[in-house]
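J.: Here you go, this is run.pdb (PDB, C-alpha atoms).
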```pdb
MODEL        1
ATOM      1  CA  MET A 100      -2.999  -6.427 -16.281  1.00  0.00           C
ATOM      2  CA  PHE A 101      -1.335  -6.717 -12.881  1.00  0.00           C
ATOM      3  CA  HIS A 102       1.253  -9.185 -11.649  1.00  0.00           C
ATOM      4  CA  ALA A 103      -0.514 -12.391 -10.534  1.00  0.00           C
ATOM      5  CA  ASP A 104       0.424 -11.773  -6.875  1.00  0.00           C
ATOM      6  CA  THR A 105      -0.893  -8.203  -6.988  1.00  0.00           C
ATOM      7  CA  GLN A 106      -4.163  -9.462  -8.467  1.00  0.00           C
ATOM      8  CA  PHE A 107      -4.395 -12.219  -5.838  1.00  0.00           C
ATOM      9  CA  LEU A 108      -4.085  -9.687  -3.021  1.00  0.00           C
ATOM     10  CA  ILE A 109      -6.606  -7.322  -4.610  1.00  0.00           C
ATOM     11  CA  ASP A 110      -9.090 -10.186  -5.050  1.00  0.00           C
ATOM     12  CA  HIS A 111      -8.556 -11.336  -1.450  1.00  0.00           C
ATOM     13  CA  TRP A 112      -9.012  -7.793  -0.115  1.00  0.00           C
ATOM     14  CA  THR A 113     -12.142  -7.360  -2.260  1.00  0.00           C
ATOM     15  CA  SER A 114     -13.655 -10.520  -0.758  1.00  0.00           C
ATOM     16  CA  LEU A 115     -12.912  -9.201   2.752  1.00  0.00           C
ATOM     17  CA  ALA A 116     -14.354  -5.777   1.870  1.00  0.00           C
ATOM     18  CA  GLY A 117     -17.580  -7.417   0.663  1.00  0.00           C
ATOM     19  CA  ARG A 118     -18.281  -9.183   3.959  1.00  0.00           C
ATOM     20  CA  ALA A 119     -21.126  -7.995   6.151  1.00  0.00           C
ATOM     21  CA  ASP A 120     -18.759  -7.027   8.996  1.00  0.00           C
ATOM     22  CA  SER A 121     -16.735  -4.712   6.718  1.00  0.00           C
ATOM     23  CA  ARG A 122     -17.684  -1.088   7.422  1.00  0.00           C
ATOM     24  CA  GLY A 123     -17.715   1.341   4.516  1.00  0.00           C
ATOM     25  CA  GLY A 124     -16.155  -1.221   2.208  1.00  0.00           C
ATOM     26  CA  ILE A 125     -12.896  -1.282   4.196  1.00  0.00           C
ATOM     27  CA  PRO A 126     -12.141  -4.503   6.094  1.00  0.00           C
ATOM     28  CA  ASP A 127     -10.718  -4.626   9.612  1.00  0.00           C
ATOM     29  CA  ARG A 128      -7.042  -5.410  10.086  1.00  0.00           C
ATOM     30  CA  SER A 129      -8.103  -8.413  12.172  1.00  0.00           C
ATOM     31  CA  ALA A 130      -9.840  -9.920   9.112  1.00  0.00           C
ATOM     32  CA  VAL A 131      -6.486 -10.442   7.373  1.00  0.00           C
ATOM     33  CA  GLU A 132      -5.086 -13.915   7.974  1.00  0.00           C
ATOM     34  CA  PRO A 133      -1.365 -13.966   7.088  1.00  0.00           C
ATOM     35  CA  GLN A 134      -1.362 -17.638   6.104  1.00  0.00           C
ATOM     36  CA  VAL A 135      -3.690 -16.843   3.198  1.00  0.00           C
ATOM     37  CA  LEU A 136      -0.792 -14.976   1.559  1.00  0.00           C
ATOM     38  CA  GLY A 137       1.283 -18.160   1.495  1.00  0.00           C
ATOM     39  CA  LEU A 138       4.535 -17.701  -0.420  1.00  0.00           C
ATOM     40  CA  ARG A 139       3.715 -13.999  -0.867  1.00  0.00           C
ATOM     41  CA  LEU A 140       4.112 -13.308   2.858  1.00  0.00           C
ATOM     42  CA  PRO A 141       7.864 -12.418   2.700  1.00  0.00           C
ATOM     43  CA  ARG A 142       6.952  -9.666   0.199  1.00  0.00           C
ATOM     44  CA  ALA A 143       4.104  -8.249   2.303  1.00  0.00           C
ATOM     45  CA  PHE A 144       4.098  -5.401   4.795  1.00  0.00           C
ATOM     46  CA  MET A 145       1.742  -3.724   7.247  1.00  0.00           C
ATOM     47  CA  ALA A 146       1.891   0.004   7.933  1.00  0.00           C
ATOM     48  CA  ARG A 147       0.062   2.589  10.038  1.00  0.00           C
ATOM     49  CA  ARG A 148      -0.956   5.781   8.250  1.00  0.00           C
ATOM     50  CA  THR A 149       0.334   9.023   9.719  1.00  0.00           C
ATOM     51  CA  GLY A 150      -1.078  11.923   7.717  1.00  0.00           C
ATOM     52  CA  GLU A 151       0.469  11.849   4.244  1.00  0.00           C
ATOM     53  CA  ASP A 152       2.939   9.079   5.148  1.00  0.00           C
ATOM     54  CA  ALA A 153       2.835   5.693   6.839  1.00  0.00           C
ATOM     55  CA  VAL A 154       5.061   3.976   9.384  1.00  0.00           C
ATOM     56  CA  ILE A 155       5.977   0.377   8.704  1.00  0.00           C
ATOM     57  CA  ARG A 156       4.893  -1.931  11.522  1.00  0.00           C
ATOM     58  CA  LEU A 157       5.842  -5.276   9.928  1.00  0.00           C
ATOM     59  CA  ALA A 158       7.792  -6.064   6.779  1.00  0.00           C
ATOM     60  CA  GLY A 159       8.482  -9.443   5.230  1.00  0.00           C
ATOM     61  CA  SER A 160      11.989 -10.820   4.949  1.00  0.00           C
ATOM     62  CA  TRP A 161      12.134 -10.319   1.177  1.00  0.00           C
ATOM     63  CA  ILE A 162      11.337  -6.600   1.552  1.00  0.00           C
ATOM     64  CA  GLU A 163      13.897  -6.107   4.305  1.00  0.00           C
ATOM     65  CA  GLY A 164      16.486  -7.999   2.263  1.00  0.00           C
ATOM     66  CA  PHE A 165      15.717  -5.880  -0.784  1.00  0.00           C
ATOM     67  CA  HIS A 166      16.125  -2.618   1.165  1.00  0.00           C
ATOM     68  CA  GLY A 167      19.101  -3.990   3.098  1.00  0.00           C
ATOM     69  CA  GLU A 168      17.835  -3.251   6.609  1.00  0.00           C
ATOM     70  CA  ALA A 169      15.127  -3.893   9.189  1.00  0.00           C
ATOM     71  CA  LEU A 170      12.190  -1.600   8.397  1.00  0.00           C
ATOM     72  CA  LYS A 171      10.094  -1.607  11.576  1.00  0.00           C
ATOM     73  CA  ASP A 172       9.215   2.010  12.468  1.00  0.00           C
ATOM     74  CA  HIS A 173      10.625   3.362   9.173  1.00  0.00           C
ATOM     75  CA  SER A 174       8.660   5.869   7.138  1.00  0.00           C
ATOM     76  CA  LEU A 175       7.189   4.250   4.036  1.00  0.00           C
ATOM     77  CA  LEU A 176       8.078   7.343   2.017  1.00  0.00           C
ATOM     78  CA  SER A 177      11.737   6.939   3.015  1.00  0.00           C
ATOM     79  CA  LEU A 178      11.884   3.858   0.730  1.00  0.00           C
ATOM     80  CA  TRP A 179      11.275   6.046  -2.329  1.00  0.00           C
ATOM     81  CA  ARG A 180      13.442   8.549  -4.182  1.00  0.00           C
ATOM     82  CA  ALA A 181      12.636  12.161  -3.240  1.00  0.00           C
ATOM     83  CA  ALA A 182      11.065  12.889  -6.641  1.00  0.00           C
ATOM     84  CA  SER A 183       8.687   9.906  -6.198  1.00  0.00           C
ATOM     85  CA  ARG A 184       7.426  10.794  -2.724  1.00  0.00           C
ATOM     86  CA  PRO A 185       4.604  13.167  -3.775  1.00  0.00           C
ATOM     87  CA  LEU A 186       3.109  10.473  -6.046  1.00  0.00           C
ATOM     88  CA  VAL A 187       3.390   7.796  -3.351  1.00  0.00           C
ATOM     89  CA  SER A 188       1.960  10.128  -0.707  1.00  0.00           C
ATOM     90  CA  THR A 189      -1.021  10.822  -2.966  1.00  0.00           C
ATOM     91  CA  ALA A 190      -1.496   7.061  -3.452  1.00  0.00           C
ATOM     92  CA  LEU A 191      -1.480   6.534   0.339  1.00  0.00           C
ATOM     93  CA  ILE A 192      -4.171   9.177   0.767  1.00  0.00           C
ATOM     94  CA  GLN A 193      -6.197   7.906  -2.201  1.00  0.00           C
ATOM     95  CA  THR A 194      -6.392   4.309  -0.980  1.00  0.00           C
ATOM     96  CA  VAL A 195      -7.923   5.396   2.329  1.00  0.00           C
ATOM     97  CA  ARG A 196     -10.038   8.271   1.037  1.00  0.00           C
ATOM     98  CA  GLU A 197     -11.579   6.159  -1.727  1.00  0.00           C
ATOM     99  CA  GLY A 198     -11.605   2.863   0.182  1.00  0.00           C
ATOM    100  CA  ARG A 199      -9.999   0.853  -2.596  1.00  0.00           C
ATOM    101  CA  PRO A 200      -6.644  -0.665  -3.540  1.00  0.00           C
ATOM    102  CA  VAL A 201      -4.040   1.486  -5.236  1.00  0.00           C
ATOM    103  CA  VAL A 202      -1.081   0.011  -7.093  1.00  0.00           C
ATOM    104  CA  VAL A 203       2.113   1.993  -7.571  1.00  0.00           C
ATOM    105  CA  VAL A 204       4.188   0.825 -10.519  1.00  0.00           C
ATOM    106  CA  ALA A 205       7.849   1.491  -9.800  1.00  0.00           C
ATOM    107  CA  LEU A 206      11.367   0.866 -11.007  1.00  0.00           C
ATOM    108  CA  ALA A 207      14.038  -0.691  -8.809  1.00  0.00           C
ATOM    109  CA  GLY A 208      17.807  -0.413  -9.058  1.00  0.00           C
ATOM    110  CA  SER A 209      20.042   0.755 -11.875  1.00  0.00           C
ATOM    111  CA  ILE A 210      18.665  -2.020 -14.091  1.00  0.00           C
ATOM    112  CA  GLU A 211      15.264  -0.390 -13.620  1.00  0.00           C
ATOM    113  CA  ALA A 212      13.390  -3.614 -13.061  1.00  0.00           C
ATOM    114  CA  GLN A 213       9.649  -3.073 -12.809  1.00  0.00           C
ATOM    115  CA  ILE A 214       7.934  -3.766  -9.496  1.00  0.00           C
ATOM    116  CA  GLU A 215       4.346  -3.263  -8.367  1.00  0.00           C
ATOM    117  CA  ILE A 216       3.611  -2.073  -4.851  1.00  0.00           C
ATOM    118  CA  ALA A 217      -0.004  -2.750  -3.889  1.00  0.00           C
ATOM    119  CA  LEU A 218      -1.513  -0.578  -1.124  1.00  0.00           C
ATOM    120  CA  LEU A 219      -4.784  -1.714   0.451  1.00  0.00           C
ATOM    121  CA  PRO A 220      -6.652   0.111   3.231  1.00  0.00           C
ATOM    122  CA  LEU A 221      -7.639  -1.585   6.482  1.00  0.00           C
ATOM    123  CA  ARG A 222      -9.354  -0.425   9.661  1.00  0.00           C
ATOM    124  CA  GLY A 223      -7.235  -0.464  12.793  1.00  0.00           C
ATOM    125  CA  PRO A 224      -8.385  -1.185  16.364  1.00  0.00           C
ATOM    126  CA  SER A 225      -9.951   2.292  16.646  1.00  0.00           C
ATOM    127  CA  GLY A 226     -12.219   1.560  13.673  1.00  0.00           C
ATOM    128  CA  GLU A 227     -10.502   4.240  11.588  1.00  0.00           C
ATOM    129  CA  PRO A 228      -9.001   3.301   8.205  1.00  0.00           C
ATOM    130  CA  ASP A 229      -5.452   3.894   9.418  1.00  0.00           C
ATOM    131  CA  ARG A 230      -3.738   0.636   8.443  1.00  0.00           C
ATOM    132  CA  LEU A 231      -2.310  -0.417   5.102  1.00  0.00           C
ATOM    133  CA  LEU A 232      -1.577  -3.863   3.791  1.00  0.00           C
ATOM    134  CA  GLY A 233       1.058  -3.809   1.085  1.00  0.00           C
ATOM    135  CA  LEU A 234       2.771  -6.221  -1.266  1.00  0.00           C
ATOM    136  CA  TYR A 235       5.870  -6.015  -3.455  1.00  0.00           C
ATOM    137  CA  ALA A 236       5.425  -7.882  -6.748  1.00  0.00           C
ATOM    138  CA  PRO A 237       8.553  -7.744  -8.916  1.00  0.00           C
ATOM    139  CA  ALA A 238       8.126  -8.427 -12.638  1.00  0.00           C
ATOM    140  CA  ALA A 239      11.350 -10.466 -12.626  1.00  0.00           C
ATOM    141  CA  THR A 240      13.954 -11.696 -10.186  1.00  0.00           C
ATOM    142  CA  LEU A 241      15.711  -8.651  -8.750  1.00  0.00           C
ATOM    143  CA  THR A 242      19.429  -8.959  -8.292  1.00  0.00           C
ATOM    144  CA  LEU A 243      21.015  -5.716  -7.130  1.00  0.00           C
ATOM    145  CA  ALA A 244      24.675  -5.076  -6.395  1.00  0.00           C
ATOM    146  CA  THR A 245      25.459  -4.793  -2.676  1.00  0.00           C
ATOM    147  CA  ASN A 246      26.427  -1.131  -2.986  1.00  0.00           C
ATOM    148  CA  GLU A 247      23.458  -0.205  -5.203  1.00  0.00           C
ATOM    149  CA  PRO A 248      20.871   2.245  -3.803  1.00  0.00           C
ATOM    150  CA  ARG A 249      17.702   0.504  -2.684  1.00  0.00           C
ATOM    151  CA  LEU A 250      15.266   3.372  -3.233  1.00  0.00           C
ATOM    152  CA  LEU A 251      12.272   2.900  -5.519  1.00  0.00           C
ATOM    153  CA  THR A 252      11.254   5.207  -8.363  1.00  0.00           C
ATOM    154  CA  ALA A 253       7.486   5.616  -8.765  1.00  0.00           C
ATOM    155  CA  ARG A 254       6.183   5.800 -12.321  1.00  0.00           C
ATOM    156  CA  VAL A 255       2.407   5.737 -11.977  1.00  0.00           C
ATOM    157  CA  SER A 256      -0.288   4.932  -9.419  1.00  0.00           C
ATOM    158  CA  ILE A 257      -3.528   3.238 -10.348  1.00  0.00           C
ATOM    159  CA  GLY A 258      -6.739   3.104  -8.308  1.00  0.00           C
ATOM    160  CA  VAL A 259      -8.282  -0.343  -8.690  1.00  0.00           C
ATOM    161  CA  GLY A 260     -12.017  -0.896  -8.971  1.00  0.00           C
ATOM    162  CA  GLU A 261     -14.795   1.418  -7.936  1.00  0.00           C
ATOM    163  CA  ALA A 262     -14.297   3.782  -5.036  1.00  0.00           C
ATOM    164  CA  ALA A 263     -16.103   2.284  -2.043  1.00  0.00           C
ATOM    165  CA  ARG A 264     -16.537   5.650  -0.370  1.00  0.00           C
ATOM    166  CA  THR A 265     -18.375   8.552  -1.926  1.00  0.00           C
ATOM    167  CA  PRO A 266     -16.229  11.568  -2.766  1.00  0.00           C
ATOM    168  CA  LEU A 267     -16.290  14.384  -0.253  1.00  0.00           C
ATOM    169  CA  SER A 268     -18.346  17.411  -1.228  1.00  0.00           C
ATOM    170  CA  LEU A 269     -18.981  20.797   0.260  1.00  0.00           C
ATOM    171  CA  ALA A 270     -22.343  21.790   1.597  1.00  0.00           C
ATOM    172  CA  ALA A 271     -23.653  25.184   2.640  1.00  0.00           C
ATOM    173  CA  VAL A 272     -26.052  26.069   5.434  1.00  0.00           C
ATOM    174  CA  ASN A 273     -27.333  29.665   5.469  1.00  0.00           C
ATOM    175  CA  GLY A 274     -24.558  30.624   3.050  1.00  0.00           C
ATOM    176  CA  ARG A 275     -21.804  29.207   5.259  1.00  0.00           C
ATOM    177  CA  ARG A 276     -19.721  26.318   3.907  1.00  0.00           C
ATOM    178  CA  ILE A 277     -19.543  23.145   5.965  1.00  0.00           C
ATOM    179  CA  ALA A 278     -17.969  19.803   5.170  1.00  0.00           C
TER     180      ALA A 278
ENDMDL
END
```
Reformat the file's structure so that it appears as structure tokens.
T.:
Amino acid sequence: MFHADTQFLIDHWTSLAGRADSRGGIPDRSAVEPQVLGLRLPRAFMARRTGEDAVIRLAGSWIEGFHGEALKDHSLLSLWRAASRPLVSTALIQTVREGRPVVVVALAGSIEAQIEIALLPLRGPSGEPDRLLGLYAPAATLTLATNEPRLLTARVSIGVGEAARTPLSLAAVNGRRIA
């Protein structure tokens, strides 16, 4: 069972993905109305995918306060401990490849408070699924010391729901493999 805010965002994204104007089960970035997030907005972020990483375009005040700096144009992977980056990178790829939300369960700070980071794919202006909507959902109030590292430690990532896009498969024509 997910944090109530994580579930709210997944349900909202699912309703957007089910609309007739949603291509391939991935809604357009323009379909997201920030006011729908309400009190969750300070814990939300928007990022642009760049290969196996993403660059943060907008981050809510809670997220920037948690990490202790403005995050515009920061790499999303830079917010994670080095050992966690392969798992998070795989989650970023999975959410777009499968066209469904992925939730990364992480630990924050020396007290190791649990936090969920929801990653949801969106289509950018080009029509490509190159945007991500994200949300931090801490299990409890996080109070970190001012000198405490602000990097997250990923524990597990979970794909949510059915994959909206069919898995890629290889095909052969005259014995030659094609995508």
J.: Residues picked by the PyMOL selection byres ((chain A and resi 205) around 6) here, as a list in words?
T.: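 Residues picked by the PyMOL selection byres ((chain A and resi 205) around 6): Val204, Leu206, Gln213, Ile214, Thr252, Ala253 and Arg254 of chain A.
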J.: Since I can't run it myself right now, could you work out what the PyMOL selection byres ((chain A and resi 142) around 10) selects here and report it as a compact mmCIF listing (two decimals) with C-alpha atoms, in the frame of the given file?
T.:
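File produced: selection_18.txt:
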```txt
# COMPACT_ATOMS: atom_id res chain seq x y z
CA ASP A 104 0.42 -11.77 -6.88
CA LEU A 136 -0.79 -14.98 1.56
CA LEU A 138 4.54 -17.70 -0.42
CA ARG A 139 3.72 -14.00 -0.87
CA LEU A 140 4.11 -13.31 2.86
CA PRO A 141 7.86 -12.42 2.70
CA ALA A 143 4.10 -8.25 2.30
CA PHE A 144 4.10 -5.40 4.80
CA ALA A 158 7.79 -6.06 6.78
CA GLY A 159 8.48 -9.44 5.23
CA SER A 160 11.99 -10.82 4.95
CA TRP A 161 12.13 -10.32 1.18
CA ILE A 162 11.34 -6.60 1.55
CA GLU A 163 13.90 -6.11 4.30
CA GLY A 164 16.49 -8.00 2.26
CA PHE A 165 15.72 -5.88 -0.78
CA ILE A 216 3.61 -2.07 -4.85
CA GLY A 233 1.06 -3.81 1.08
CA LEU A 234 2.77 -6.22 -1.27
CA TYR A 235 5.87 -6.02 -3.46
CA ALA A 236 5.42 -7.88 -6.75
CA PRO A 237 8.55 -7.74 -8.92
```
J.: For the PyMOL selection byres ((chain A and resi 130-134) around 9), applied here, can you spell out every residue it catches as a PyMOL selection string?
T.: chain A and resi 112+115+121+126-129+135-138+140+221+232
J.: Please write the residues from the selection above to a file, keeping C-alpha atoms, as a PDB file, keeping the file's coordinate frame.
T.:
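After the write, out-v6.pdb holds the following:
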```
ATOM      1  CA  TRP A 112      -9.012  -7.793  -0.115  1.00  0.00           C
ATOM      2  CA  LEU A 115     -12.912  -9.201   2.752  1.00  0.00           C
ATOM      3  CA  SER A 121     -16.735  -4.712   6.718  1.00  0.00           C
ATOM      4  CA  PRO A 126     -12.141  -4.503   6.094  1.00  0.00           C
ATOM      5  CA  ASP A 127     -10.718  -4.626   9.612  1.00  0.00           C
ATOM      6  CA  ARG A 128      -7.042  -5.410  10.086  1.00  0.00           C
ATOM      7  CA  SER A 129      -8.103  -8.413  12.172  1.00  0.00           C
ATOM      8  CA  VAL A 135      -3.690 -16.843   3.198  1.00  0.00           C
ATOM      9  CA  LEU A 136      -0.792 -14.976   1.559  1.00  0.00           C
ATOM     10  CA  GLY A 137       1.283 -18.160   1.495  1.00  0.00           C
ATOM     11  CA  LEU A 138       4.535 -17.701  -0.420  1.00  0.00           C
ATOM     12  CA  LEU A 140       4.112 -13.308   2.858  1.00  0.00           C
ATOM     13  CA  LEU A 221      -7.639  -1.585   6.482  1.00  0.00           C
ATOM     14  CA  LEU A 232      -1.577  -3.863   3.791  1.00  0.00           C
TER      15      LEU A 232
END
```
J.: Near segment 179-189 of chain A, within 8 Å and counting all atoms listed in the file, which residues show up once chain neighbours fewer than 6 positions away are dropped, as a PyMOL selection string?
T.: chain A and resi 151-152+203+250-256
J.: Which residue is closest to Gly150 of chain A? Choose from A:Leu170, A:Ile192, A:Ala116, A:Ala217 and count all atoms listed in the file.
T.: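 That would be A:Ile192, the residue with the smallest distance to Gly150 of chain A.
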J.: Hey, can you check how far atom CA of Arg249 of chain A sits from atom CA of Val195 of chain A?
T.: 26.6 Å
J.: What's the separation between atom CA of Gly167 of chain A and atom CA of Arg147 of chain A, in Å to one decimal place?
T.: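 That distance, rounded to one decimal, is 21.3 Å.
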J.: Taking only C-alpha atoms into account, which of A:Ile257, A:Thr113, A:Thr149, A:Gly198 comes nearest Glu215 of chain A?
T.: A:Ile257
J.: Ranking A:Gly226, A:Gly258, A:Gly117, A:Pro220 by minimum distance to Ala153 of chain A and counting only C-alpha atoms, which one comes first?
T.: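 Under the stated criterion, the closest residue is A:Pro220.
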J.: Hey, which of A:Ala103, A:Ala169, A:Pro228, A:Ala146 ends up closest to Gly124 of chain A? Count only C-alpha atoms.
T.: A:Pro228
J.: What separation in Å, quoted to one decimal, exists between atom CA of Arg148 of chain A and atom CA of Asp229 of chain A?
T.: 5.0 Å
J.: Any idea what's packed within 12 Å of Val259 of chain A, counting only C-alpha atoms, ignoring anything in its chain fewer than 4 positions away? Could you give it as a ChimeraX atom specification?
T.: /A:100-101,105-106,108-110,112-113,190,193-194,197-203,217-219,263
J.: May I ask you to restore N, CA, C and O atoms in segment 150-167 of chain A and write the result as a PDB file, in the coordinates of the input?
T.:
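What follows is the written file result-v4.pdb:
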```
ATOM      1  N   GLY A 150      -0.920  10.781   8.615  1.00  0.00           N
ATOM      2  CA  GLY A 150      -1.078  11.923   7.717  1.00  0.00           C
ATOM      3  C   GLY A 150      -0.831  11.510   6.280  1.00  0.00           C
ATOM      4  O   GLY A 150      -1.474  10.608   5.759  1.00  0.00           O
ATOM      5  N   GLU A 151       0.170  12.131   5.649  1.00  0.00           N
ATOM      6  CA  GLU A 151       0.469  11.849   4.244  1.00  0.00           C
ATOM      7  C   GLU A 151       1.518  10.753   4.087  1.00  0.00           C
ATOM      8  O   GLU A 151       1.954  10.476   2.979  1.00  0.00           O
ATOM      9  N   ASP A 152       1.921  10.130   5.170  1.00  0.00           N
ATOM     10  CA  ASP A 152       2.939   9.079   5.148  1.00  0.00           C
ATOM     11  C   ASP A 152       2.371   7.865   5.876  1.00  0.00           C
ATOM     12  O   ASP A 152       1.203   7.831   6.258  1.00  0.00           O
ATOM     13  N   ALA A 153       3.193   6.881   6.063  1.00  0.00           N
ATOM     14  CA  ALA A 153       2.835   5.693   6.839  1.00  0.00           C
ATOM     15  C   ALA A 153       4.106   5.184   7.498  1.00  0.00           C
ATOM     16  O   ALA A 153       5.202   5.364   6.973  1.00  0.00           O
ATOM     17  N   VAL A 154       3.939   4.560   8.658  1.00  0.00           N
ATOM     18  CA  VAL A 154       5.061   3.976   9.384  1.00  0.00           C
ATOM     19  C   VAL A 154       4.938   2.466   9.290  1.00  0.00           C
ATOM     20  O   VAL A 154       3.874   1.901   9.584  1.00  0.00           O
ATOM     21  N   ILE A 155       5.999   1.826   8.863  1.00  0.00           N
ATOM     22  CA  ILE A 155       5.977   0.377   8.704  1.00  0.00           C
ATOM     23  C   ILE A 155       5.960  -0.296  10.066  1.00  0.00           C
ATOM     24  O   ILE A 155       6.785  -0.002  10.922  1.00  0.00           O
ATOM     25  N   ARG A 156       5.000  -1.170  10.272  1.00  0.00           N
ATOM     26  CA  ARG A 156       4.893  -1.931  11.522  1.00  0.00           C
ATOM     27  C   ARG A 156       5.532  -3.307  11.369  1.00  0.00           C
ATOM     28  O   ARG A 156       6.199  -3.781  12.258  1.00  0.00           O
ATOM     29  N   LEU A 157       5.285  -3.953  10.236  1.00  0.00           N
ATOM     30  CA  LEU A 157       5.842  -5.276   9.928  1.00  0.00           C
ATOM     31  C   LEU A 157       6.242  -5.293   8.462  1.00  0.00           C
ATOM     32  O   LEU A 157       5.515  -4.771   7.616  1.00  0.00           O
ATOM     33  N   ALA A 158       7.372  -5.902   8.173  1.00  0.00           N
ATOM     34  CA  ALA A 158       7.792  -6.064   6.779  1.00  0.00           C
ATOM     35  C   ALA A 158       8.354  -7.459   6.617  1.00  0.00           C
ATOM     36  O   ALA A 158       9.100  -7.948   7.468  1.00  0.00           O
ATOM     37  N   GLY A 159       8.002  -8.095   5.517  1.00  0.00           N
ATOM     38  CA  GLY A 159       8.482  -9.443   5.230  1.00  0.00           C
ATOM     39  C   GLY A 159       9.977  -9.473   4.974  1.00  0.00           C
ATOM     40  O   GLY A 159      10.609  -8.462   4.651  1.00  0.00           O
ATOM     41  N   SER A 160      10.542 -10.652   5.090  1.00  0.00           N
ATOM     42  CA  SER A 160      11.989 -10.820   4.949  1.00  0.00           C
ATOM     43  C   SER A 160      12.490 -10.445   3.559  1.00  0.00           C
ATOM     44  O   SER A 160      13.592  -9.919   3.416  1.00  0.00           O
ATOM     45  N   TRP A 161      11.714 -10.692   2.519  1.00  0.00           N
ATOM     46  CA  TRP A 161      12.134 -10.319   1.177  1.00  0.00           C
ATOM     47  C   TRP A 161      12.280  -8.807   1.061  1.00  0.00           C
ATOM     48  O   TRP A 161      13.253  -8.297   0.486  1.00  0.00           O
ATOM     49  N   ILE A 162      11.306  -8.068   1.610  1.00  0.00           N
ATOM     50  CA  ILE A 162      11.337  -6.600   1.552  1.00  0.00           C
ATOM     51  C   ILE A 162      12.535  -6.053   2.314  1.00  0.00           C
ATOM     52  O   ILE A 162      13.257  -5.182   1.825  1.00  0.00           O
ATOM     53  N   GLU A 163      12.762  -6.582   3.515  1.00  0.00           N
ATOM     54  CA  GLU A 163      13.897  -6.107   4.305  1.00  0.00           C
ATOM     55  C   GLU A 163      15.218  -6.463   3.631  1.00  0.00           C
ATOM     56  O   GLU A 163      16.161  -5.667   3.646  1.00  0.00           O
ATOM     57  N   GLY A 164      15.286  -7.629   3.005  1.00  0.00           N
ATOM     58  CA  GLY A 164      16.486  -7.999   2.263  1.00  0.00           C
ATOM     59  C   GLY A 164      16.699  -7.093   1.060  1.00  0.00           C
ATOM     60  O   GLY A 164      17.823  -6.678   0.769  1.00  0.00           O
ATOM     61  N   PHE A 165      15.628  -6.766   0.377  1.00  0.00           N
ATOM     62  CA  PHE A 165      15.717  -5.880  -0.784  1.00  0.00           C
ATOM     63  C   PHE A 165      16.247  -4.506  -0.380  1.00  0.00           C
ATOM     64  O   PHE A 165      17.114  -3.945  -1.042  1.00  0.00           O
ATOM     65  N   HIS A 166      15.709  -3.956   0.723  1.00  0.00           N
ATOM     66  CA  HIS A 166      16.125  -2.618   1.165  1.00  0.00           C
ATOM     67  C   HIS A 166      17.402  -2.649   2.002  1.00  0.00           C
ATOM     68  O   HIS A 166      17.978  -1.610   2.302  1.00  0.00           O
ATOM     69  N   GLY A 167      17.831  -3.850   2.398  1.00  0.00           N
ATOM     70  CA  GLY A 167      19.101  -3.990   3.098  1.00  0.00           C
ATOM     71  C   GLY A 167      19.091  -3.599   4.560  1.00  0.00           C
ATOM     72  O   GLY A 167      20.153  -3.330   5.133  1.00  0.00           O
TER      73      GLY A 167
END
```
